[in-house]
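Listing of final-v1.cif, mmCIF, N, CA and C atoms
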data_structure
loop_
_atom_site.label_atom_id
_atom_site.label_comp_id
_atom_site.auth_asym_id
_atom_site.auth_seq_id
_atom_site.Cartn_x
_atom_site.Cartn_y
_atom_site.Cartn_z
N ASN A 286 -6.68 -26.34 -9.85
CA ASN A 286 -5.46 -26.44 -10.61
C ASN A 286 -4.27 -25.98 -9.80
N GLY A 287 -4.00 -26.64 -8.69
CA GLY A 287 -2.82 -26.31 -7.89
C GLY A 287 -3.01 -25.19 -6.90
N GLY A 288 -4.23 -24.72 -6.68
CA GLY A 288 -4.47 -23.64 -5.74
C GLY A 288 -4.55 -24.14 -4.30
N HIS A 289 -4.42 -23.22 -3.36
CA HIS A 289 -4.50 -23.53 -1.94
C HIS A 289 -4.88 -22.26 -1.20
N LEU A 290 -5.27 -22.38 0.06
CA LEU A 290 -5.51 -21.19 0.86
C LEU A 290 -4.23 -20.36 0.88
N VAL A 291 -4.40 -19.05 0.85
CA VAL A 291 -3.26 -18.15 0.69
C VAL A 291 -2.27 -18.26 1.85
N SER A 292 -0.99 -18.26 1.49
CA SER A 292 0.09 -18.09 2.46
C SER A 292 0.62 -16.68 2.25
N ILE A 293 0.91 -15.99 3.34
CA ILE A 293 1.35 -14.60 3.26
C ILE A 293 2.81 -14.55 3.70
N GLN A 294 3.69 -14.19 2.77
CA GLN A 294 5.13 -14.29 3.01
C GLN A 294 5.82 -12.95 3.25
N SER A 295 5.07 -11.85 3.19
CA SER A 295 5.69 -10.54 3.42
C SER A 295 4.60 -9.52 3.76
N ARG A 296 5.03 -8.39 4.32
CA ARG A 296 4.08 -7.31 4.61
C ARG A 296 3.41 -6.84 3.31
N GLU A 297 4.18 -6.77 2.23
CA GLU A 297 3.62 -6.32 0.95
C GLU A 297 2.54 -7.29 0.46
N GLU A 298 2.81 -8.58 0.57
CA GLU A 298 1.80 -9.55 0.16
C GLU A 298 0.57 -9.48 1.07
N GLY A 299 0.79 -9.28 2.37
CA GLY A 299 -0.32 -9.11 3.30
C GLY A 299 -1.16 -7.89 2.96
N ASN A 300 -0.51 -6.79 2.60
CA ASN A 300 -1.23 -5.58 2.19
C ASN A 300 -2.03 -5.82 0.91
N PHE A 301 -1.44 -6.56 -0.03
CA PHE A 301 -2.14 -6.88 -1.28
C PHE A 301 -3.39 -7.70 -0.99
N VAL A 302 -3.26 -8.73 -0.15
CA VAL A 302 -4.42 -9.58 0.18
C VAL A 302 -5.48 -8.75 0.90
N ALA A 303 -5.07 -7.91 1.85
CA ALA A 303 -6.02 -7.07 2.59
C ALA A 303 -6.77 -6.14 1.65
N GLN A 304 -6.08 -5.54 0.71
CA GLN A 304 -6.72 -4.64 -0.25
C GLN A 304 -7.68 -5.41 -1.15
N LEU A 305 -7.29 -6.57 -1.60
CA LEU A 305 -8.14 -7.41 -2.44
C LEU A 305 -9.42 -7.79 -1.71
N VAL A 306 -9.29 -8.26 -0.49
CA VAL A 306 -10.45 -8.71 0.28
C VAL A 306 -11.35 -7.54 0.65
N SER A 307 -10.76 -6.41 1.02
CA SER A 307 -11.55 -5.23 1.40
C SER A 307 -12.47 -4.76 0.30
N GLY A 308 -12.09 -4.99 -0.94
CA GLY A 308 -12.93 -4.60 -2.07
C GLY A 308 -14.18 -5.43 -2.21
N PHE A 309 -14.21 -6.61 -1.59
CA PHE A 309 -15.36 -7.51 -1.72
C PHE A 309 -16.23 -7.58 -0.47
N ILE A 310 -15.67 -7.27 0.69
CA ILE A 310 -16.40 -7.45 1.94
C ILE A 310 -16.52 -6.10 2.65
N GLN A 311 -17.75 -5.68 2.87
CA GLN A 311 -18.01 -4.39 3.50
C GLN A 311 -18.59 -4.53 4.90
N ARG A 312 -19.25 -5.66 5.20
CA ARG A 312 -19.92 -5.86 6.47
C ARG A 312 -18.92 -6.06 7.61
N PRO A 313 -19.16 -5.45 8.79
CA PRO A 313 -18.27 -5.69 9.93
C PRO A 313 -18.48 -7.09 10.50
N GLY A 314 -17.53 -7.56 11.30
CA GLY A 314 -17.66 -8.84 11.97
C GLY A 314 -17.41 -10.04 11.08
N ILE A 315 -16.78 -9.84 9.95
CA ILE A 315 -16.52 -10.91 8.99
C ILE A 315 -15.05 -11.31 9.05
N TYR A 316 -14.81 -12.59 8.89
CA TYR A 316 -13.45 -13.12 8.80
C TYR A 316 -13.24 -13.76 7.43
N VAL A 317 -11.99 -13.91 7.06
CA VAL A 317 -11.61 -14.58 5.81
C VAL A 317 -10.50 -15.56 6.15
N TRP A 318 -10.65 -16.81 5.70
CA TRP A 318 -9.64 -17.83 5.98
C TRP A 318 -8.35 -17.58 5.22
N ILE A 319 -7.22 -17.82 5.90
CA ILE A 319 -5.92 -17.92 5.25
C ILE A 319 -5.38 -19.32 5.55
N GLY A 320 -4.29 -19.70 4.94
CA GLY A 320 -3.82 -21.08 5.02
C GLY A 320 -2.90 -21.42 6.17
N LEU A 321 -2.94 -20.67 7.26
CA LEU A 321 -2.06 -20.95 8.39
C LEU A 321 -2.81 -21.75 9.44
N ARG A 322 -2.23 -22.86 9.86
CA ARG A 322 -2.85 -23.75 10.84
C ARG A 322 -1.84 -24.18 11.89
N ASP A 323 -2.36 -24.52 13.06
CA ASP A 323 -1.55 -25.08 14.13
C ASP A 323 -1.48 -26.59 13.95
N ARG A 324 -0.30 -27.14 14.07
CA ARG A 324 -0.11 -28.59 14.00
C ARG A 324 0.45 -29.06 15.33
N ARG A 325 -0.23 -29.99 15.95
CA ARG A 325 0.24 -30.53 17.24
C ARG A 325 0.99 -31.82 16.97
N LYS A 326 2.26 -31.82 17.34
CA LYS A 326 3.11 -32.99 17.15
C LYS A 326 3.82 -33.29 18.46
N GLU A 327 3.52 -34.44 19.04
CA GLU A 327 4.18 -34.87 20.27
C GLU A 327 4.20 -33.77 21.32
N GLN A 328 3.05 -33.25 21.65
CA GLN A 328 2.83 -32.22 22.65
C GLN A 328 3.52 -30.90 22.34
N GLN A 329 3.91 -30.69 21.10
CA GLN A 329 4.45 -29.40 20.67
C GLN A 329 3.49 -28.79 19.67
N CYS A 330 3.28 -27.51 19.80
CA CYS A 330 2.42 -26.81 18.86
C CYS A 330 3.30 -26.00 17.91
N THR A 331 3.12 -26.23 16.64
CA THR A 331 3.83 -25.43 15.64
C THR A 331 2.83 -25.02 14.58
N SER A 332 3.01 -23.85 14.07
CA SER A 332 2.16 -23.38 12.99
C SER A 332 2.84 -23.65 11.66
N GLU A 333 2.04 -23.88 10.63
CA GLU A 333 2.60 -24.08 9.29
C GLU A 333 1.58 -23.66 8.25
N TRP A 334 2.10 -23.25 7.10
CA TRP A 334 1.24 -22.92 5.98
C TRP A 334 0.77 -24.21 5.32
N ASN A 335 -0.48 -24.23 4.86
CA ASN A 335 -1.01 -25.46 4.26
C ASN A 335 -0.37 -25.80 2.92
N ASP A 336 0.37 -24.88 2.32
CA ASP A 336 1.06 -25.18 1.06
C ASP A 336 2.47 -25.72 1.30
N GLY A 337 2.86 -25.84 2.58
CA GLY A 337 4.17 -26.38 2.92
C GLY A 337 5.29 -25.34 2.96
N SER A 338 5.00 -24.09 2.62
CA SER A 338 6.04 -23.06 2.64
C SER A 338 6.40 -22.69 4.08
N LYS A 339 7.62 -22.20 4.26
CA LYS A 339 8.10 -21.80 5.58
C LYS A 339 7.45 -20.50 6.01
N ILE A 340 7.31 -20.34 7.31
CA ILE A 340 6.78 -19.09 7.86
C ILE A 340 7.95 -18.13 8.00
N ILE A 341 7.96 -17.10 7.15
CA ILE A 341 9.04 -16.11 7.20
C ILE A 341 8.53 -14.73 7.59
N TYR A 342 7.20 -14.58 7.66
CA TYR A 342 6.57 -13.32 8.04
C TYR A 342 5.34 -13.67 8.86
N VAL A 343 5.11 -12.95 9.96
CA VAL A 343 3.92 -13.15 10.77
C VAL A 343 3.28 -11.81 11.10
N ASN A 344 1.97 -11.83 11.29
CA ASN A 344 1.25 -10.63 11.68
C ASN A 344 0.06 -11.01 12.57
N TRP A 345 0.35 -11.83 13.60
CA TRP A 345 -0.70 -12.25 14.51
C TRP A 345 -1.21 -11.07 15.32
N LYS A 346 -2.51 -11.05 15.55
CA LYS A 346 -3.10 -10.07 16.44
C LYS A 346 -2.53 -10.33 17.82
N GLU A 347 -2.18 -9.29 18.54
CA GLU A 347 -1.56 -9.44 19.85
C GLU A 347 -2.44 -10.27 20.78
N GLY A 348 -1.82 -11.25 21.44
CA GLY A 348 -2.53 -12.06 22.42
C GLY A 348 -3.26 -13.27 21.85
N GLU A 349 -3.17 -13.51 20.57
CA GLU A 349 -3.88 -14.65 19.98
C GLU A 349 -3.10 -15.93 20.16
N SER A 350 -3.82 -17.06 20.17
CA SER A 350 -3.21 -18.35 20.49
C SER A 350 -2.73 -19.12 19.27
N LYS A 351 -2.93 -18.60 18.10
CA LYS A 351 -2.35 -19.16 16.88
C LYS A 351 -2.83 -20.57 16.55
N MET A 352 -4.13 -20.81 16.57
CA MET A 352 -4.68 -22.11 16.18
C MET A 352 -5.04 -22.08 14.69
N CYS A 353 -6.26 -21.73 14.36
CA CYS A 353 -6.67 -21.56 12.96
C CYS A 353 -6.74 -20.06 12.72
N GLN A 354 -6.21 -19.61 11.61
CA GLN A 354 -6.05 -18.18 11.40
C GLN A 354 -6.93 -17.64 10.29
N GLY A 355 -7.46 -16.45 10.54
CA GLY A 355 -8.22 -15.74 9.53
C GLY A 355 -7.90 -14.27 9.60
N LEU A 356 -8.31 -13.54 8.59
CA LEU A 356 -8.16 -12.09 8.55
C LEU A 356 -9.48 -11.49 8.99
N ALA A 357 -9.44 -10.53 9.91
CA ALA A 357 -10.65 -9.94 10.46
C ALA A 357 -10.97 -8.61 9.80
N LYS A 358 -12.25 -8.40 9.46
CA LYS A 358 -12.70 -7.15 8.86
C LYS A 358 -12.35 -5.96 9.76
N TRP A 359 -12.51 -6.13 11.08
CA TRP A 359 -12.28 -5.00 11.99
C TRP A 359 -10.82 -4.59 12.08
N THR A 360 -9.89 -5.38 11.53
CA THR A 360 -8.49 -4.95 11.42
C THR A 360 -8.18 -4.58 9.97
N ASP A 361 -9.22 -4.36 9.18
CA ASP A 361 -9.08 -4.10 7.74
C ASP A 361 -8.34 -5.23 7.04
N PHE A 362 -8.51 -6.45 7.57
CA PHE A 362 -7.93 -7.67 7.00
C PHE A 362 -6.40 -7.69 7.02
N HIS A 363 -5.79 -6.93 7.93
CA HIS A 363 -4.33 -6.92 8.02
C HIS A 363 -3.80 -7.89 9.07
N GLU A 364 -4.41 -7.92 10.27
CA GLU A 364 -3.90 -8.79 11.33
C GLU A 364 -4.52 -10.17 11.27
N TRP A 365 -3.73 -11.16 11.70
CA TRP A 365 -4.19 -12.55 11.71
C TRP A 365 -4.83 -12.82 13.06
N ASP A 366 -6.04 -13.32 13.05
CA ASP A 366 -6.83 -13.53 14.26
C ASP A 366 -7.15 -15.00 14.41
N ASN A 367 -7.16 -15.49 15.65
CA ASN A 367 -7.52 -16.87 15.94
C ASN A 367 -9.03 -17.03 15.81
N ILE A 368 -9.47 -17.99 15.01
CA ILE A 368 -10.90 -18.26 14.85
C ILE A 368 -11.15 -19.75 14.96
N ASN A 369 -12.40 -20.10 15.23
CA ASN A 369 -12.78 -21.50 15.38
C ASN A 369 -12.57 -22.24 14.07
N CYS A 370 -11.83 -23.33 14.13
CA CYS A 370 -11.48 -24.08 12.92
C CYS A 370 -12.70 -24.65 12.20
N ALA A 371 -13.82 -24.81 12.89
CA ALA A 371 -15.02 -25.39 12.28
C ALA A 371 -15.94 -24.34 11.67
N ASP A 372 -15.67 -23.07 11.91
CA ASP A 372 -16.55 -22.01 11.38
C ASP A 372 -16.41 -21.88 9.88
N ARG A 373 -17.50 -21.46 9.25
CA ARG A 373 -17.51 -21.27 7.80
C ARG A 373 -17.37 -19.79 7.47
N TYR A 374 -16.33 -19.47 6.74
CA TYR A 374 -16.10 -18.10 6.30
C TYR A 374 -15.65 -18.13 4.85
N ARG A 375 -15.60 -16.98 4.25
CA ARG A 375 -15.02 -16.87 2.91
C ARG A 375 -13.53 -17.16 3.02
N PHE A 376 -12.88 -17.30 1.90
CA PHE A 376 -11.46 -17.67 1.92
C PHE A 376 -10.75 -17.03 0.74
N VAL A 377 -9.43 -16.98 0.83
CA VAL A 377 -8.60 -16.43 -0.24
C VAL A 377 -7.67 -17.55 -0.70
N CYS A 378 -7.68 -17.81 -2.00
CA CYS A 378 -6.80 -18.84 -2.57
C CYS A 378 -5.64 -18.20 -3.32
N LYS A 379 -4.58 -18.96 -3.41
CA LYS A 379 -3.38 -18.55 -4.14
C LYS A 379 -3.07 -19.65 -5.15
N PHE A 380 -2.76 -19.25 -6.36
CA PHE A 380 -2.44 -20.19 -7.43
C PHE A 380 -1.04 -19.89 -7.96
N PRO A 381 -0.32 -20.92 -8.41
CA PRO A 381 0.98 -20.67 -9.02
C PRO A 381 0.81 -19.83 -10.29
N SER A 382 1.78 -18.98 -10.55
CA SER A 382 1.70 -18.16 -11.76
C SER A 382 1.82 -19.03 -13.00
N GLN A 383 1.05 -18.68 -14.00
CA GLN A 383 1.05 -19.41 -15.28
C GLN A 383 1.59 -18.47 -16.35
N CYS A 384 2.71 -18.80 -16.94
CA CYS A 384 3.30 -17.95 -17.99
C CYS A 384 2.93 -18.47 -19.35
#

Have the structure of the file written as structure tokens, please.
Amino acid sequence: NGGHLVSIQSREEGNFVAQLVSGFIQRPGIYVWIGLRDRRKEQQCTSEWNDGSKIIYVNWKEGESKMCQGLAKWTDFHEWDNINCADRYRFVCKFPSQC
């Protein structure tokens, strides 16, 4: 019903997602998908959220190449880490608020 992989638009939202995920995943070495992907257009690489929203906040792990992004357990799900786009991991979805 209108959901998509989570886009993280602020440090506060990132902290909320990290806290939510940490409550469900205890094992080390686990990643969780977020909705940020690299799009290659005419030999230019740009990242974009899969919901179409603008990137106004970033928290990439230092030195990462920014292809497919996930949250890593070993960073307590705070930093965005480059992971293989074909790997299967758990994921976090975001839905529009329903009043």

Can you tell me which residues surround stretch 313-321 of chain A at a distance of at most 8 Å, considering all atoms listed in the file, apart from same-chain residues fewer than 3 positions away, and format the answer as a VMD selection string? chain A and resid 289 to 293 310 324 332 to 336 351 to 360 362 373 to 378

From the set A:Asp361, A:Asp323, A:Asp372, A:Asp366, which residue has the shortest atom-to-atom contact distance to A:Ser307, counting only C-alpha atoms? A:Asp361

Extract the full set of strand (DSSP E or B) residues from chain A according to DSSP on the backbone, and format it as a ChimeraX atom specification. /A:289-290,316-326,329-334,345,353-357,365-368,375-376,378-379

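The residues of stretch 289-336 of chain A that DSSP classifies as alpha helix (DSSP H), using the backbone of this structure, are Arg296, Glu297, Glu298, Gly299, Asn300, Phe301, Val302, Ala303, Gln304, Leu305, Val306 and Ser307 of chain A.
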
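With distances restricted to all atoms listed in the file, A:Ser295 is the closest residue to A:Ile341 from A:Trp365, A:Arg312, A:Ser295, A:Val302.
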
For a test of reading the model, state the distance in Å between atom CA of A:Leu305 and atom N of A:Thr331, rounded to one decimal. 29.1 Å

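Matched in the shown structure by the PyMOL selection byres ((chain A and resi 381) around 6.5): Gly287, Gly288, Lys379, Phe380, Ser382 and Gln383 of chain A.
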
Looking at A:Asn367, A:Gln304, A:Gln311, A:Gln294, which one is nearest to A:Trp345, with distances taken over all atoms listed in the file? A:Asn367

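Between atom CA of A:Asn344 and atom CA of A:Arg296 there is a distance of 8.3 Å.
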
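When only C-alpha atoms are used to measure the gap to A:Lys346, the shortest distance among A:Glu298, A:Glu364, A:Phe309, A:Arg322 belongs to A:Glu364.
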
Axis-aligned box for all listed atoms of stretch 363-377 of chain A, 5 Å per side, centre and edges in Å to one decimal, as JSON:
{"center_x": -10.6, "center_y": -16.2, "center_z": 7.6, "size_x": 23.8, "size_y": 28.5, "size_z": 26.6}

If I take atom CA of A:Ile368 and atom CA of A:Gly299, how far is one from the other in Å, to one decimal? 18.1 Å

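Each of A:Glu347, A:Ala371, A:His363, A:Ser338 was compared to A:Phe301 using only C-alpha atoms, and A:His363 turns out to be the nearest.
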